[in-house]
$ cat work_38.pdb   # PDB, C-alpha atoms
ATOM      1  CA  ALA A   1      -3.555  -1.073  31.200  1.00  0.00           C
ATOM      2  CA  PRO A   2      -4.212  -4.014  28.858  1.00  0.00           C
ATOM      3  CA  ALA A   3      -3.757  -3.547  25.115  1.00  0.00           C
ATOM      4  CA  ARG A   4      -7.080  -3.074  23.326  1.00  0.00           C
ATOM      5  CA  VAL A   5      -5.785  -3.913  19.859  1.00  0.00           C
ATOM      6  CA  LYS A   6      -3.635  -6.965  19.121  1.00  0.00           C
ATOM      7  CA  GLY A   7      -0.334  -6.014  17.481  1.00  0.00           C
ATOM      8  CA  ARG A   8       0.282  -7.222  13.941  1.00  0.00           C
ATOM      9  CA  ALA A   9       2.614  -6.543  11.040  1.00  0.00           C
ATOM     10  CA  ILE A  10       1.297  -6.206   7.508  1.00  0.00           C
ATOM     11  CA  TRP A  11       3.891  -6.380   4.717  1.00  0.00           C
ATOM     12  CA  ASN A  12       3.569  -4.412   1.483  1.00  0.00           C
ATOM     13  CA  TRP A  13       5.928  -4.700  -1.499  1.00  0.00           C
ATOM     14  CA  LEU A  14       6.528  -2.109  -4.232  1.00  0.00           C
ATOM     15  CA  VAL A  15       8.962  -2.184  -7.141  1.00  0.00           C
ATOM     16  CA  GLY A  16       9.439   0.434  -9.824  1.00  0.00           C
ATOM     17  CA  VAL A  17      11.636   1.189 -12.798  1.00  0.00           C
ATOM     18  CA  ASP A  18      12.257   4.326 -14.876  1.00  0.00           C
ATOM     19  CA  LEU A  19      11.378   3.593 -18.489  1.00  0.00           C
ATOM     20  CA  PHE A  20      12.122   6.894 -20.184  1.00  0.00           C
ATOM     21  CA  LYS A  21      13.997   9.890 -18.821  1.00  0.00           C
ATOM     22  CA  ASN A  22      15.302  13.111 -20.334  1.00  0.00           C
ATOM     23  CA  GLU A  23      15.584  16.755 -19.195  1.00  0.00           C
ATOM     24  CA  ARG A  24      11.830  17.493 -19.288  1.00  0.00           C
ATOM     25  CA  TYR A  25      10.006  14.160 -19.115  1.00  0.00           C
ATOM     26  CA  LYS A  26      10.203  11.004 -17.028  1.00  0.00           C
ATOM     27  CA  THR A  27       8.075   7.863 -17.265  1.00  0.00           C
ATOM     28  CA  SER A  28       8.178   5.047 -14.733  1.00  0.00           C
ATOM     29  CA  LEU A  29       6.408   1.738 -14.214  1.00  0.00           C
ATOM     30  CA  GLN A  30       5.403   0.553 -10.721  1.00  0.00           C
ATOM     31  CA  PHE A  31       3.956  -2.706  -9.365  1.00  0.00           C
ATOM     32  CA  GLN A  32       2.653  -3.166  -5.808  1.00  0.00           C
ATOM     33  CA  ILE A  33       1.394  -6.016  -3.644  1.00  0.00           C
ATOM     34  CA  ALA A  34      -0.471  -4.858  -0.531  1.00  0.00           C
ATOM     35  CA  ASN A  35      -0.833  -7.303   2.396  1.00  0.00           C
ATOM     36  CA  LEU A  36       1.780  -9.658   0.946  1.00  0.00           C
ATOM     37  CA  THR A  37       1.124 -12.445   3.489  1.00  0.00           C
ATOM     38  CA  ASP A  38      -2.684 -12.149   3.092  1.00  0.00           C
ATOM     39  CA  LYS A  39      -3.294 -11.676   6.835  1.00  0.00           C
ATOM     40  CA  THR A  40      -6.861 -11.145   7.981  1.00  0.00           C
ATOM     41  CA  GLY A  41      -7.894  -8.870  10.774  1.00  0.00           C
ATOM     42  CA  LEU A  42     -10.781  -6.929  12.214  1.00  0.00           C
ATOM     43  CA  TYR A  43     -10.566  -4.475  15.060  1.00  0.00           C
ATOM     44  CA  ASN A  44     -12.658  -1.806  16.722  1.00  0.00           C
ATOM     45  CA  PHE A  45     -11.327   1.030  18.869  1.00  0.00           C
ATOM     46  CA  LEU A  46     -14.744   1.470  20.561  1.00  0.00           C
ATOM     47  CA  SER A  47     -14.745   5.193  19.886  1.00  0.00           C
ATOM     48  CA  VAL A  48     -17.356   7.512  18.391  1.00  0.00           C
ATOM     49  CA  PHE A  49     -14.578   8.962  16.208  1.00  0.00           C
ATOM     50  CA  SER A  50     -13.339   5.686  14.767  1.00  0.00           C
ATOM     51  CA  GLY A  51     -15.393   2.767  13.494  1.00  0.00           C
ATOM     52  CA  THR A  52     -14.520  -0.850  12.833  1.00  0.00           C
ATOM     53  CA  HIS A  53     -11.414  -1.381  10.670  1.00  0.00           C
ATOM     54  CA  VAL A  54     -10.890  -4.316   8.322  1.00  0.00           C
ATOM     55  CA  ILE A  55      -7.506  -5.323   6.925  1.00  0.00           C
ATOM     56  CA  PRO A  56      -8.122  -5.752   3.183  1.00  0.00           C
ATOM     57  CA  PRO A  57      -7.030  -9.006   1.497  1.00  0.00           C
ATOM     58  CA  ARG A  58      -3.922  -9.279  -0.687  1.00  0.00           C
ATOM     59  CA  THR A  59      -4.188  -6.720  -3.478  1.00  0.00           C
ATOM     60  CA  PHE A  60      -2.150  -6.397  -6.682  1.00  0.00           C
ATOM     61  CA  SER A  61      -1.832  -3.091  -8.513  1.00  0.00           C
ATOM     62  CA  GLY A  62       0.285  -1.523 -11.203  1.00  0.00           C
ATOM     63  CA  ARG A  63       0.627   1.934 -12.664  1.00  0.00           C
ATOM     64  CA  VAL A  64       2.481   3.984 -15.218  1.00  0.00           C
ATOM     65  CA  VAL A  65       3.608   7.401 -13.951  1.00  0.00           C
ATOM     66  CA  ALA A  66       4.456  10.275 -16.286  1.00  0.00           C
ATOM     67  CA  HIS A  67       6.180  13.400 -14.939  1.00  0.00           C
ATOM     68  CA  PHE A  68       6.337  16.476 -17.155  1.00  0.00           C
TER      69      PHE A  68
END
$ encode --input "work_38.pdb" --output "C-alpha cells"
Amino acid sequence: APARVKGRAIWNWLVGVDLFKNERYKTSLQFQIANLTDKTGLYNFLSVFSGTHVIPPRTFSGRVVAHF
C-alpha cells in the first residue's frame, strides 16, 4: 500500500541549567527552539477522527522552573 503521509524529521533543541539547588528547593532555567530547521508541512489523514495537521513555524521559548 502506498504511504499516505510523506515522512519528515522535525528537529527540536532544548538546553537547561540548574541555577539554585539545596535539600528542599531547586530552580532551573530552560530554553527551547521547536522546529529548528523551520520546515513547513501540511497533512491530512482523511479520517473523521483526525483533521488537518500543520507543522508550526520555528518557535523560541524559555522558562524558569521552581521545584519545592
$ resolve_selection --input "work_38.pdb" --expression "the PyMOL selection byres ((chain A and resi 65) around 7)" --output "PyMOL selection string"
chain A and resi 27-29+63-64+66-67
$ residues_around --input "work_38.pdb" --residues "Gly62 (chain A)" --least-positions-apart "5" --cutoff "8 Å" --atoms "only C-alpha atoms" --output "count of residues only"
4
$ resolve_selection --input "work_38.pdb" --expression "the PyMOL selection byres ((chain A and resi 54-61) around 8)" --output "ChimeraX atom specification"
/A:31-43,52-53,62-63
$ resolve_selection --input "work_38.pdb" --expression "the PyMOL selection byres ((chain A and resi 25) around 6)" --output "PyMOL selection string"
chain A and resi 21-22+24+26+67-68
$ atom_distance --input "work_38.pdb" --atom1 "CA of Gly7 (chain A)" --atom2 "CA of Asn44 (chain A)"
13.0 Å
$ atom_distance --input "work_38.pdb" --atom1 "CA of Ser47 (chain A)" --atom2 "CA of Arg8 (chain A)"
20.4 Å
$ axis_aligned_box --input "work_38.pdb" --around "region 40-46 of chain A" --padding-each-side "8 Å" --output "AutoDock Vina command-line options"
--center_x -10.8 --center_y -4.8 --center_z 14.3 --size_x 23.9 --size_y 28.6 --size_z 28.6
$ build_atoms --input "work_38.pdb" --residues "region 31-59 of chain A" --atoms "N, CA and C atoms" --output "short mmCIF file (atom, residue, chain, number, x, y, z; two decimals), in the frame of the given file"
data_model
loop_
_atom_site.label_atom_id
_atom_site.label_comp_id
_atom_site.auth_asym_id
_atom_site.auth_seq_id
_atom_site.Cartn_x
_atom_site.Cartn_y
_atom_site.Cartn_z
N PHE A 31 4.80 -1.55 -9.69
CA PHE A 31 3.96 -2.71 -9.36
C PHE A 31 3.95 -2.87 -7.85
N GLN A 32 2.78 -3.07 -7.26
CA GLN A 32 2.65 -3.17 -5.81
C GLN A 32 1.80 -4.37 -5.41
N ILE A 33 2.21 -5.00 -4.31
CA ILE A 33 1.39 -6.02 -3.64
C ILE A 33 1.15 -5.52 -2.22
N ALA A 34 -0.11 -5.28 -1.88
CA ALA A 34 -0.47 -4.86 -0.53
C ALA A 34 -0.93 -6.08 0.25
N ASN A 35 -0.55 -6.16 1.53
CA ASN A 35 -0.83 -7.30 2.40
C ASN A 35 -0.25 -8.58 1.79
N LEU A 36 1.05 -8.58 1.61
CA LEU A 36 1.78 -9.66 0.95
C LEU A 36 1.48 -11.03 1.53
N THR A 37 1.36 -11.14 2.85
CA THR A 37 1.12 -12.44 3.49
C THR A 37 -0.36 -12.79 3.60
N ASP A 38 -1.23 -11.94 3.10
CA ASP A 38 -2.68 -12.15 3.09
C ASP A 38 -3.25 -12.40 4.50
N LYS A 39 -2.78 -11.59 5.46
CA LYS A 39 -3.29 -11.68 6.84
C LYS A 39 -4.70 -11.10 6.91
N THR A 40 -5.52 -11.68 7.75
CA THR A 40 -6.86 -11.14 7.98
C THR A 40 -6.90 -10.48 9.34
N GLY A 41 -7.78 -9.54 9.49
CA GLY A 41 -7.89 -8.87 10.77
C GLY A 41 -9.09 -7.94 10.80
N LEU A 42 -9.64 -7.80 11.98
CA LEU A 42 -10.78 -6.93 12.21
C LEU A 42 -10.60 -6.36 13.61
N TYR A 43 -10.69 -5.06 13.73
CA TYR A 43 -10.57 -4.47 15.06
C TYR A 43 -11.44 -3.24 15.19
N ASN A 44 -11.78 -2.93 16.42
CA ASN A 44 -12.66 -1.81 16.72
C ASN A 44 -12.06 -1.07 17.91
N PHE A 45 -11.89 0.23 17.79
CA PHE A 45 -11.33 1.03 18.87
C PHE A 45 -12.38 1.45 19.89
N LEU A 46 -13.64 1.12 19.67
CA LEU A 46 -14.74 1.47 20.56
C LEU A 46 -14.78 2.97 20.84
N SER A 47 -14.74 3.74 19.77
CA SER A 47 -14.74 5.19 19.89
C SER A 47 -15.78 5.77 18.93
N VAL A 48 -16.40 6.88 19.29
CA VAL A 48 -17.36 7.51 18.39
C VAL A 48 -16.65 8.14 17.19
N PHE A 49 -15.33 8.35 17.28
CA PHE A 49 -14.58 8.96 16.21
C PHE A 49 -13.93 7.96 15.27
N SER A 50 -13.98 6.70 15.59
CA SER A 50 -13.34 5.69 14.77
C SER A 50 -14.19 4.43 14.78
N GLY A 51 -14.56 3.96 13.59
CA GLY A 51 -15.39 2.77 13.49
C GLY A 51 -14.57 1.50 13.43
N THR A 52 -15.18 0.44 12.97
CA THR A 52 -14.52 -0.85 12.83
C THR A 52 -13.60 -0.82 11.61
N HIS A 53 -12.40 -1.35 11.75
CA HIS A 53 -11.41 -1.38 10.67
C HIS A 53 -11.20 -2.82 10.22
N VAL A 54 -11.13 -3.00 8.91
CA VAL A 54 -10.89 -4.32 8.32
C VAL A 54 -9.59 -4.25 7.55
N ILE A 55 -8.72 -5.24 7.73
CA ILE A 55 -7.51 -5.32 6.92
C ILE A 55 -7.90 -5.94 5.59
N PRO A 56 -7.71 -5.22 4.49
CA PRO A 56 -8.12 -5.75 3.18
C PRO A 56 -7.27 -6.96 2.79
N PRO A 57 -7.80 -7.84 1.94
CA PRO A 57 -7.03 -9.01 1.50
C PRO A 57 -5.88 -8.58 0.58
N ARG A 58 -5.05 -9.55 0.20
CA ARG A 58 -3.92 -9.28 -0.69
C ARG A 58 -4.44 -8.60 -1.96
N THR A 59 -3.76 -7.51 -2.33
CA THR A 59 -4.19 -6.72 -3.48
C THR A 59 -2.99 -6.46 -4.39
#
